[in-house]
>>> print(open('model-v3.cif').read())   # mmCIF, C-alpha atoms
data_run
#
loop_
_atom_site.label_atom_id
_atom_site.label_comp_id
_atom_site.auth_asym_id
_atom_site.auth_seq_id
_atom_site.Cartn_x
_atom_site.Cartn_y
_atom_site.Cartn_z
CA MET A 1 84.51 38.09 38.18
CA LYS A 2 83.02 36.98 41.48
CA ILE A 3 79.60 36.60 39.88
CA LEU A 4 81.12 34.59 37.03
CA GLY A 5 82.84 32.33 39.54
CA VAL A 6 79.59 31.68 41.38
CA ILE A 7 77.83 30.79 38.12
CA LEU A 8 80.60 28.39 37.10
CA CYS A 9 80.51 26.70 40.50
CA LEU A 10 76.75 26.22 40.21
CA ILE A 11 77.12 24.73 36.74
CA GLY A 12 79.82 22.39 37.94
CA SER A 13 77.85 21.21 40.97
CA LEU A 14 74.76 20.48 38.87
CA ALA A 15 76.40 19.10 35.73
CA LEU A 16 76.08 15.46 36.83
CA GLN A 17 72.31 15.92 37.19
CA ALA A 18 71.65 17.69 33.91
CA GLN A 19 68.11 17.30 32.65
CA ILE A 20 65.92 18.55 29.83
CA GLY A 21 62.30 19.65 29.88
CA GLY A 22 59.78 17.20 31.29
CA LYS A 23 62.16 15.49 33.73
CA GLY A 24 62.17 18.02 36.56
CA ALA A 25 59.69 19.35 39.08
CA PHE A 26 57.67 22.48 38.22
CA SER A 27 57.99 22.27 34.44
CA VAL A 28 55.58 25.22 34.45
CA LEU A 29 58.73 27.36 34.68
CA ASP A 30 59.37 26.63 30.99
CA LEU A 31 56.01 27.92 29.74
CA PRO A 32 55.83 31.22 27.80
CA PHE A 33 54.13 33.81 29.97
CA ASN A 34 54.22 36.90 27.74
CA ALA A 35 53.25 37.48 24.11
CA ARG A 36 56.53 39.01 22.94
CA SER A 37 58.57 36.10 24.20
CA ALA A 38 56.08 33.63 22.73
CA ALA A 39 56.30 35.30 19.33
CA LEU A 40 60.09 34.93 19.48
CA GLY A 41 60.15 31.24 20.33
CA ASN A 42 59.37 31.28 24.08
CA ASP A 43 62.89 32.13 25.32
CA PHE A 44 63.59 35.76 24.40
CA ILE A 45 66.30 37.18 26.69
CA SER A 46 68.21 39.70 24.58
CA SER A 47 66.56 43.14 24.55
CA ARG A 48 66.87 45.83 27.20
CA ASP A 49 63.99 48.27 26.74
CA GLN A 50 60.80 49.36 28.52
CA ASP A 51 59.13 45.91 28.40
CA VAL A 52 58.93 44.93 32.09
CA ASN A 53 57.93 41.37 31.20
CA MET A 54 61.45 40.69 29.90
CA GLY A 55 62.94 40.95 33.39
CA VAL A 56 60.99 37.88 34.51
CA GLN A 57 62.95 35.72 32.05
CA ASN A 58 66.28 37.53 32.32
CA PRO A 59 66.78 39.59 35.50
CA ALA A 60 69.78 41.37 33.98
CA LEU A 61 67.28 43.18 31.72
CA TYR A 62 65.63 45.19 34.52
CA ASN A 63 66.38 48.87 33.83
CA GLN A 64 65.22 52.42 34.47
CA LYS A 65 62.89 52.44 31.46
CA MET A 66 60.70 49.89 33.27
CA ASP A 67 60.09 52.18 36.26
CA ARG A 68 56.40 52.02 37.28
CA HIS A 69 55.55 49.82 34.28
CA LEU A 70 52.82 47.22 34.75
CA GLY A 71 52.38 44.21 32.49
CA VAL A 72 49.25 42.04 32.28
CA ASN A 73 49.54 38.82 30.30
CA GLN A 74 46.95 36.22 29.36
CA GLY A 75 47.39 33.06 27.35
CA LEU A 76 45.56 29.96 26.21
CA LEU A 77 47.75 26.97 25.50
CA ALA A 78 46.98 23.87 23.51
CA GLY A 79 44.61 21.58 25.39
CA GLY A 80 42.71 24.43 27.04
CA ILE A 81 45.36 25.30 29.64
CA ASN A 82 44.74 28.80 30.96
CA MET A 83 47.72 30.84 32.09
CA GLY A 84 48.71 34.41 32.89
CA MET A 85 51.20 36.78 34.49
CA ILE A 86 51.30 40.17 36.19
CA SER A 87 54.64 41.97 36.35
CA TYR A 88 55.76 45.31 37.78
CA GLY A 89 59.08 47.19 37.69
CA ARG A 90 60.65 49.98 39.76
CA LYS A 91 63.87 51.95 39.79
CA LEU A 92 65.78 51.95 43.08
CA ASN A 93 68.60 54.26 42.01
CA ASP A 94 70.72 55.03 38.95
CA SER A 95 72.30 51.58 38.88
CA ILE A 96 69.85 49.22 40.63
CA ASN A 97 66.37 48.28 39.38
CA TRP A 98 63.95 45.64 40.61
CA GLY A 99 60.74 43.94 39.60
CA ALA A 100 58.08 41.57 40.93
CA SER A 101 55.78 39.10 39.21
CA PHE A 102 53.00 36.61 39.76
CA ARG A 103 52.50 33.73 37.30
CA TYR A 104 49.83 31.06 37.24
CA SER A 105 48.87 28.10 35.09
CA SER A 106 45.44 26.54 35.51
CA TYR A 107 44.92 23.06 34.09
CA GLY A 108 41.17 23.25 34.57
CA ILE A 109 38.53 21.29 36.46
CA MET A 110 38.52 17.60 35.61
CA ASP A 111 36.41 14.57 36.47
CA ARG A 112 37.65 12.46 39.36
CA TYR A 113 37.24 8.67 39.34
CA ASP A 114 37.99 6.00 41.88
CA GLU A 115 39.89 2.77 41.21
CA ALA A 116 36.67 1.12 39.96
CA GLY A 117 36.12 3.83 37.34
CA ILE A 118 33.18 5.41 39.18
CA LEU A 119 32.80 9.18 38.94
CA THR A 120 33.29 10.67 42.41
CA GLY A 121 33.34 14.41 41.68
CA LYS A 122 35.61 17.09 40.30
CA LEU A 123 39.25 17.99 40.89
CA TYR A 124 41.38 21.08 40.22
CA ALA A 125 45.05 21.38 39.24
CA GLY A 126 47.24 24.45 38.94
CA ASP A 127 50.70 25.95 39.50
CA PHE A 128 51.62 29.37 40.90
CA ILE A 129 54.90 31.32 40.90
CA PHE A 130 55.66 34.39 43.03
CA GLY A 131 58.85 36.10 41.86
CA ILE A 132 61.04 39.08 42.70
CA GLY A 133 64.27 40.13 41.06
CA ALA A 134 66.83 42.91 40.71
CA SER A 135 69.62 44.04 38.41
CA LYS A 136 72.73 46.16 38.82
CA LYS A 137 74.53 48.15 36.15
CA ILE A 138 78.33 48.02 36.11
CA PRO A 139 79.65 50.81 33.84
CA LEU A 140 82.87 50.18 31.98
CA LYS A 141 85.77 52.59 32.05
CA GLN A 142 85.38 54.93 29.10
CA LYS A 143 88.14 56.27 26.88
CA LYS A 144 89.27 59.83 27.53
CA ASN A 145 88.06 61.01 24.12
CA ASP A 146 84.75 59.13 24.35
CA SER A 147 81.91 61.67 24.55
CA LEU A 148 78.96 59.25 24.29
CA PRO A 149 75.99 59.93 26.60
CA PRO A 150 75.58 57.49 29.53
CA ASP A 151 72.77 55.53 27.87
CA GLN A 152 74.98 54.85 24.81
CA GLN A 153 78.07 53.69 26.67
CA ALA A 154 79.02 50.01 26.92
CA ALA A 155 78.15 48.38 30.24
CA PHE A 156 77.78 45.10 32.08
CA HIS A 157 74.55 44.20 33.87
CA ILE A 158 74.03 41.41 36.38
CA GLY A 159 70.73 40.23 37.80
CA VAL A 160 69.02 37.63 39.96
CA ASN A 161 65.43 36.38 40.27
CA SER A 162 64.03 34.34 43.14
CA ASN A 163 60.81 32.39 42.57
CA LEU A 164 58.59 30.79 45.17
CA LEU A 165 56.79 27.83 43.57
CA TYR A 166 53.46 26.36 44.67
CA GLY A 167 51.41 23.62 43.04
CA GLN A 168 47.97 22.25 43.89
CA TYR A 169 46.65 19.01 42.38
CA GLU A 170 43.34 18.02 43.94
CA ARG A 171 44.31 17.29 47.59
CA GLN A 172 48.05 17.21 46.91
CA THR A 173 50.25 20.29 47.16
CA LYS A 174 53.93 20.92 46.55
CA LEU A 175 56.31 23.78 47.33
CA GLY A 176 59.64 24.77 45.80
CA LEU A 177 62.16 27.54 45.28
CA ALA A 178 64.11 28.45 42.13
CA PHE A 179 66.62 31.13 41.14
CA ASP A 180 67.71 32.77 37.89
CA LEU A 181 71.22 34.23 37.56
CA ALA A 182 72.03 36.44 34.58
CA ALA A 183 74.74 38.65 33.13
CA SER A 184 74.77 40.78 30.00
CA TYR A 185 77.14 42.95 28.01
CA GLU A 186 75.69 45.73 25.88
CA VAL A 187 77.18 48.22 23.44
CA PRO A 188 74.24 50.51 22.54
CA ALA A 189 76.29 52.61 20.13
CA SER A 190 76.84 49.58 17.87
CA ASN A 191 73.52 47.81 18.64
CA PHE A 192 75.29 44.76 20.06
CA PHE A 193 73.96 42.67 22.94
CA LEU A 194 75.30 39.52 24.60
CA THR A 195 73.69 37.77 27.55
CA ALA A 196 73.79 34.53 29.53
CA VAL A 197 71.13 33.17 31.87
CA LEU A 198 71.31 30.27 34.29
CA LYS A 199 67.60 29.75 34.91
CA ASN A 200 65.36 27.69 37.18
CA VAL A 201 68.10 26.54 39.54
CA GLY A 202 66.19 25.12 42.51
CA ALA A 203 64.27 22.22 43.93
CA GLN A 204 60.89 21.00 45.11
CA PHE A 205 60.60 20.58 48.88
CA ASP A 206 58.55 17.59 50.00
CA ARG A 207 59.00 13.93 50.93
CA SER A 208 60.63 13.24 47.56
CA PRO A 209 62.61 16.40 46.69
CA SER A 210 63.62 16.84 43.06
CA LEU A 211 65.40 19.47 40.98
CA THR A 212 63.57 22.05 38.89
CA PRO A 213 64.25 21.95 35.11
CA TRP A 214 67.36 24.17 35.23
CA GLU A 215 68.93 25.37 32.02
CA LEU A 216 71.85 27.45 30.74
CA GLN A 217 71.12 29.85 27.88
CA LEU A 218 73.30 32.19 25.83
CA ALA A 219 72.06 34.77 23.32
CA VAL A 220 73.68 37.28 21.00
CA ALA A 221 71.67 40.01 19.26
CA HIS A 222 72.39 42.73 16.74
CA LYS A 223 70.20 45.52 15.35
CA VAL A 224 71.13 46.34 11.76
CA LYS A 225 72.14 50.00 11.64
CA HIS A 226 70.43 51.04 8.41
CA ALA A 227 67.68 48.42 8.22
CA PRO A 228 64.66 47.67 10.47
CA PHE A 229 65.88 44.23 11.58
CA ARG A 230 67.08 42.89 14.92
CA PHE A 231 68.53 39.38 14.72
CA THR A 232 69.06 37.10 17.71
CA LEU A 233 70.73 33.71 17.94
CA LEU A 234 69.68 31.86 21.09
CA MET A 235 71.59 28.83 22.35
CA HIS A 236 69.47 26.89 24.85
CA HIS A 237 69.92 23.81 27.06
CA LEU A 238 73.69 24.23 26.97
CA ASN A 239 73.92 22.12 30.12
CA THR A 240 72.82 19.03 28.15
CA PHE A 241 74.61 18.37 24.86
CA ASP A 242 72.42 15.57 23.48
CA LEU A 243 68.76 16.64 23.32
CA THR A 244 67.75 13.90 20.90
CA TYR A 245 65.67 10.86 21.80
CA THR A 246 66.12 7.34 20.45
CA ASP A 247 63.40 4.77 21.11
CA PRO A 248 65.07 1.93 23.07
CA ASN A 249 62.52 -0.51 21.63
CA GLN A 250 63.34 0.37 18.03
CA ARG A 251 64.76 -2.51 16.00
CA PRO A 252 66.58 -2.59 12.62
CA ASP A 253 64.37 -3.05 9.56
CA ILE A 254 64.75 -5.77 6.96
CA ASP A 255 64.79 -4.87 3.27
CA PRO A 256 61.90 -6.93 1.75
CA LEU A 257 63.72 -7.32 -1.59
CA THR A 258 67.29 -8.11 -0.60
CA GLY A 259 66.79 -9.31 2.94
CA ASP A 260 69.57 -7.00 4.11
CA THR A 261 69.40 -5.46 7.54
CA ILE A 262 68.75 -1.70 7.56
CA PRO A 263 70.49 -0.31 10.66
CA ILE A 264 68.91 2.25 12.95
CA THR A 265 69.89 5.80 12.01
CA LEU A 266 71.28 7.59 15.07
CA PRO A 267 71.53 11.40 15.37
CA GLY A 268 74.90 12.76 14.28
CA PHE A 269 77.03 15.54 15.74
CA GLY A 270 75.48 18.22 13.52
CA GLU A 271 71.96 17.22 14.51
CA LYS A 272 72.85 17.46 18.20
CA VAL A 273 74.38 20.92 17.73
CA PHE A 274 71.46 22.40 15.80
CA ARG A 275 69.01 21.13 18.43
CA HIS A 276 70.38 23.90 20.70
CA LEU A 277 69.74 26.80 18.31
CA SER A 278 66.76 29.11 18.02
CA TYR A 279 66.60 31.93 15.46
CA GLN A 280 64.69 35.11 16.33
CA VAL A 281 63.91 38.15 14.16
CA GLU A 282 62.16 41.42 14.97
CA LEU A 283 61.08 43.67 12.11
CA ILE A 284 60.90 47.19 13.52
CA PHE A 285 58.76 49.14 11.08
CA SER A 286 58.57 52.14 13.41
CA LYS A 287 58.41 53.01 17.10
CA ASN A 288 54.74 52.00 16.99
CA LEU A 289 54.77 48.71 15.07
CA HIS A 290 56.98 45.61 15.41
CA LEU A 291 56.59 42.25 13.66
CA ARG A 292 58.25 39.14 15.12
CA THR A 293 59.02 35.57 14.15
CA ALA A 294 61.27 32.75 15.32
CA PHE A 295 62.21 29.16 14.54
CA ASP A 296 63.19 26.54 17.12
CA TYR A 297 64.67 23.48 15.42
CA HIS A 298 64.52 21.31 18.54
CA ARG A 299 60.83 22.02 19.10
CA ARG A 300 60.04 21.20 15.47
CA GLN A 301 61.87 17.87 15.60
CA GLU A 302 60.23 16.86 18.87
CA LEU A 303 56.64 17.91 18.20
CA LYS A 304 56.03 17.76 14.44
CA VAL A 305 53.58 15.19 13.10
CA SER A 306 55.48 13.00 10.64
CA GLU A 307 52.78 13.04 7.95
CA ARG A 308 51.87 16.72 8.47
CA PRO A 309 54.78 18.70 10.00
CA GLY A 310 53.20 22.02 9.03
CA ILE A 311 54.73 25.02 10.80
CA ALA A 312 55.69 23.20 13.99
CA GLY A 313 58.61 24.99 15.63
CA PHE A 314 57.71 28.40 14.21
CA SER A 315 56.21 31.31 16.14
CA PHE A 316 54.84 34.68 15.11
CA GLY A 317 53.68 37.91 16.71
CA ILE A 318 53.05 41.62 16.53
CA GLY A 319 53.67 44.54 18.88
CA MET A 320 51.77 47.84 18.77
CA TYR A 321 52.94 50.79 20.85
CA PHE A 322 50.73 53.72 21.78
CA LYS A 323 51.13 56.81 23.93
CA ARG A 324 50.07 55.27 27.24
CA PHE A 325 50.20 51.52 26.64
CA SER A 326 51.48 48.77 24.35
CA LEU A 327 49.70 45.69 23.04
CA ASP A 328 51.49 42.49 22.00
CA TYR A 329 50.24 39.25 20.49
CA GLY A 330 52.17 36.00 20.12
CA LEU A 331 51.42 32.60 18.60
CA ILE A 332 53.49 29.44 19.03
CA ALA A 333 52.92 26.53 16.64
CA TYR A 334 53.80 23.44 18.65
CA SER A 335 52.43 20.98 16.10
CA ALA A 336 49.47 20.41 13.81
CA ALA A 337 47.61 19.25 16.92
CA GLY A 338 47.63 22.57 18.71
CA TYR A 339 48.74 26.20 18.94
CA SER A 340 49.20 28.61 21.84
CA ASN A 341 47.99 32.22 21.81
CA LEU A 342 49.14 34.94 24.19
CA ILE A 343 48.27 38.61 24.55
CA THR A 344 50.07 41.23 26.65
CA LEU A 345 49.00 44.69 27.77
CA THR A 346 51.75 46.88 29.24
CA THR A 347 51.39 50.41 30.53
CA ASN A 348 53.31 53.11 32.39
CA LEU A 349 51.26 53.94 35.48
CA GLU A 350 53.03 57.27 35.87
CA LYS A 351 51.66 58.50 32.54
CA TRP A 352 48.08 57.74 33.59
CA ARG A 353 48.56 59.63 36.84
CA ASN A 354 49.93 62.65 35.02
#
>>> encode(input="model-v3.cif", output="structure tokens")
Amino acid sequence: MKILGVILCLIGSLALQAQIGGKGAFSVLDLPFNARSAALGNDFISSRDQDVNMGVQNPALYNQKMDRHLGVNQGLLAGGINMGMISYGRKLNDSINWGASFRYSSYGIMDRYDEAGILTGKLYAGDFIFGIGASKKIPLKQKKNDSLPPDQQAAFHIGVNSNLLYGQYERQTKLGLAFDLAASYEVPASNFFLTAVLKNVGAQFDRSPSLTPWELQLAVAHKVKHAPFRFTLLMHHLNTFDLTYTDPNQRPDIDPLTGDTIPITLPGFGEKVFRHLSYQVELIFSKNLHLRTAFDYHRRQELKVSERPGIAGFSFGIGMYFKRFSLDYGLIAYSAAGYSNLITLTTNLEKWRN
């Protein structure tokens, strides 16, 4: 209850400054840094397993299965942006687990011009994130006649990530700090999972300090008992109800035949609600092969090309699991103008030593 109180206080103190992507400092925090998450729409926060990369997005997911696991991620975003992440997890004791990560996004080397348009050389731009986090398991009181093993019993998990942010843009640098707070409730025996994450709560520290693009997310997941499907409903940007954009310069049209004024169509209540929903599906063929797909309605509406919407808002991926390592691939279709590809290699270092 204390943790819940802290989260509610943070939400209340920041509610008057709610913001969506693109309006805060260090928007790099919103980029997908691992292939599994990318395949499931960028924000995948609802699976507690051996994938150490999941703890970077939701610290409540750190668990004993991630002990000594190392994840190496590499991606190429639309526009030639190069990005990557290294993550590592360890078990502290039976109830506390921790992890560390390093993320980077390189925007490449670009031409530099002066105010007269004369080429003066080259410049570099990039962002870097150093993170560390931990989770704690809070077992629930079991019924007297409940004989389930510990790993099948219902439990709460809480977690926190702290991220040191650094950006370099030619001669300019910036520094910031952001936190993720998370809580989850899991019932392994019935394949039910519920989690909430308050992510990217922080600020940039310089002469003009500004908030990072903080966001409240809620996800509920269920693995069908007798079918190879795991369904997740993700609710994102819950701190900002209206995610739609209306051009302030837009004017009503005039019907050329009747001369009547055609009013501007404004987004309705239903449109605003569905902008917050992302649908994620994992098809678990076996322990060695997973297929993934997701649909983000808000991303499709924001980034689709009117004449050629294509598969904007959809994402796809595959996961292959072997004895000593796993390999994941993810693709996000932002619009017809560009796609993002990510690949992840994860391994248990203890198995290689043995």
>>> residues_around(input="model-v3.cif", residues="segment 114-124 of chain A", least_positions_apart="5", cutoff="9 Å", atoms="all atoms listed in the file", output="NGL selection string")
:A and (106-109 or 168-171)
>>> write_last_selection(input="model-v3.cif", atoms="C-alpha atoms", output="PDB file, keeping the file's coordinate frame")
ATOM      1  CA  SER A 106      45.440  26.540  35.510  1.00  0.00           C
ATOM      2  CA  TYR A 107      44.920  23.060  34.090  1.00  0.00           C
ATOM      3  CA  GLY A 108      41.170  23.250  34.570  1.00  0.00           C
ATOM      4  CA  ILE A 109      38.530  21.290  36.460  1.00  0.00           C
ATOM      5  CA  GLN A 168      47.970  22.250  43.890  1.00  0.00           C
ATOM      6  CA  TYR A 169      46.650  19.010  42.380  1.00  0.00           C
ATOM      7  CA  GLU A 170      43.340  18.020  43.940  1.00  0.00           C
ATOM      8  CA  ARG A 171      44.310  17.290  47.590  1.00  0.00           C
TER       9      ARG A 171
END
>>> residues_around(input="model-v3.cif", residues="Asn93 of chain A", least_positions_apart="6", cutoff="12 Å", atoms="all atoms listed in the file", output="number ranges by chain")
A: 63-64, 67, 134-137
>>> resolve_selection(input="model-v3.cif", expression="the PyMOL selection byres ((chain A and resi 24-32) around 10)", output="number ranges by chain")
A: 18-23, 33-39, 41-44, 57, 75, 77, 83-85, 103-105, 126-129, 163, 165-167, 174-178, 199-200, 202-205, 209-215, 330, 332, 340-342
>>> residues_around(input="model-v3.cif", residues="Phe285 of chain A", least_positions_apart="3", cutoff="7 Å", atoms="all atoms listed in the file", output="PDB file with C-alpha atoms, keeping the file's coordinate frame")
ATOM      1  CA  PRO A 228      64.660  47.670  10.470  1.00  0.00           C
ATOM      2  CA  LEU A 289      54.770  48.710  15.070  1.00  0.00           C
ATOM      3  CA  HIS A 290      56.980  45.610  15.410  1.00  0.00           C
TER       4      HIS A 290
END
>>> atom_distance(input="model-v3.cif", atom1="atom CA of Ala100 of chain A", atom2="atom CA of Tyr279 of chain A")
28.5 Å
>>> atom_distance(input="model-v3.cif", atom1="atom CA of Phe325 of chain A", atom2="atom CA of Val187 of chain A")
27.4 Å
>>> decode(input="model-v3.cif", residues="segment 63-86 of chain A", atoms="N, CA and C atoms", output="mmCIF file, in the first residue's frame")
data_model
loop_
_atom_site.group_PDB
_atom_site.id
_atom_site.type_symbol
_atom_site.label_atom_id
_atom_site.label_comp_id
_atom_site.auth_asym_id
_atom_site.auth_seq_id
_atom_site.Cartn_x
_atom_site.Cartn_y
_atom_site.Cartn_z
ATOM 1 N N ASN A 63 13.505 -11.242 -12.311
ATOM 2 C CA ASN A 63 13.233 -12.459 -11.546
ATOM 3 C C ASN A 63 14.435 -13.391 -11.583
ATOM 4 N N GLN A 64 14.333 -14.489 -10.855
ATOM 5 C CA GLN A 64 15.453 -15.417 -10.711
ATOM 6 C C GLN A 64 15.838 -16.096 -12.022
ATOM 7 N N LYS A 65 14.904 -16.228 -12.942
ATOM 8 C CA LYS A 65 15.217 -16.867 -14.218
ATOM 9 C C LYS A 65 16.206 -16.049 -15.047
ATOM 10 N N MET A 66 16.342 -14.762 -14.732
ATOM 11 C CA MET A 66 17.257 -13.886 -15.469
ATOM 12 C C MET A 66 18.673 -13.892 -14.903
ATOM 13 N N ASP A 67 18.925 -14.681 -13.865
ATOM 14 C CA ASP A 67 20.223 -14.666 -13.209
ATOM 15 C C ASP A 67 21.348 -15.009 -14.188
ATOM 16 N N ARG A 68 22.321 -14.110 -14.292
ATOM 17 C CA ARG A 68 23.493 -14.254 -15.168
ATOM 18 C C ARG A 68 23.134 -14.268 -16.650
ATOM 19 N N HIS A 69 21.981 -13.740 -17.003
ATOM 20 C CA HIS A 69 21.602 -13.637 -18.415
ATOM 21 C C HIS A 69 22.107 -12.321 -18.989
ATOM 22 N N LEU A 70 22.630 -12.394 -20.196
ATOM 23 C CA LEU A 70 23.156 -11.229 -20.906
ATOM 24 C C LEU A 70 22.390 -11.055 -22.205
ATOM 25 N N GLY A 71 21.917 -9.828 -22.453
ATOM 26 C CA GLY A 71 21.207 -9.534 -23.690
ATOM 27 C C GLY A 71 21.946 -8.499 -24.512
ATOM 28 N N VAL A 72 22.098 -8.757 -25.803
ATOM 29 C CA VAL A 72 22.743 -7.827 -26.734
ATOM 30 C C VAL A 72 21.737 -7.511 -27.831
ATOM 31 N N ASN A 73 21.433 -6.228 -27.983
ATOM 32 C CA ASN A 73 20.396 -5.794 -28.914
ATOM 33 C C ASN A 73 20.967 -4.798 -29.916
ATOM 34 N N GLN A 74 20.530 -4.922 -31.162
ATOM 35 C CA GLN A 74 20.962 -3.999 -32.199
ATOM 36 C C GLN A 74 19.773 -3.694 -33.100
ATOM 37 N N GLY A 75 19.614 -2.406 -33.420
ATOM 38 C CA GLY A 75 18.502 -2.020 -34.259
ATOM 39 C C GLY A 75 18.876 -0.946 -35.251
ATOM 40 N N LEU A 76 18.102 -0.872 -36.321
ATOM 41 C CA LEU A 76 18.251 0.171 -37.328
ATOM 42 C C LEU A 76 16.879 0.760 -37.570
ATOM 43 N N LEU A 77 16.690 2.005 -37.167
ATOM 44 C CA LEU A 77 15.404 2.654 -37.300
ATOM 45 C C LEU A 77 15.291 3.357 -38.639
ATOM 46 N N ALA A 78 14.074 3.764 -38.944
ATOM 47 C CA ALA A 78 13.844 4.523 -40.169
ATOM 48 C C ALA A 78 14.695 5.779 -40.164
ATOM 49 N N GLY A 79 15.284 6.114 -41.313
ATOM 50 C CA GLY A 79 16.136 7.290 -41.408
ATOM 51 C C GLY A 79 17.593 7.003 -41.127
ATOM 52 N N GLY A 80 17.932 5.724 -40.915
ATOM 53 C CA GLY A 80 19.326 5.361 -40.685
ATOM 54 C C GLY A 80 19.814 5.537 -39.270
ATOM 55 N N ILE A 81 18.908 5.722 -38.299
ATOM 56 C CA ILE A 81 19.309 5.843 -36.904
ATOM 57 C C ILE A 81 19.786 4.489 -36.406
ATOM 58 N N ASN A 82 20.960 4.487 -35.793
ATOM 59 C CA ASN A 82 21.556 3.260 -35.282
ATOM 60 C C ASN A 82 21.401 3.240 -33.766
ATOM 61 N N MET A 83 20.923 2.124 -33.226
ATOM 62 C CA MET A 83 20.685 2.062 -31.796
ATOM 63 C C MET A 83 20.980 0.661 -31.272
ATOM 64 N N GLY A 84 21.156 0.560 -29.947
ATOM 65 C CA GLY A 84 21.442 -0.741 -29.366
ATOM 66 C C GLY A 84 21.328 -0.717 -27.859
ATOM 67 N N MET A 85 21.403 -1.919 -27.259
ATOM 68 C CA MET A 85 21.310 -2.044 -25.812
ATOM 69 C C MET A 85 22.030 -3.306 -25.349
ATOM 70 N N ILE A 86 22.670 -3.191 -24.187
ATOM 71 C CA ILE A 86 23.249 -4.342 -23.491
ATOM 72 C C ILE A 86 22.594 -4.405 -22.118
#
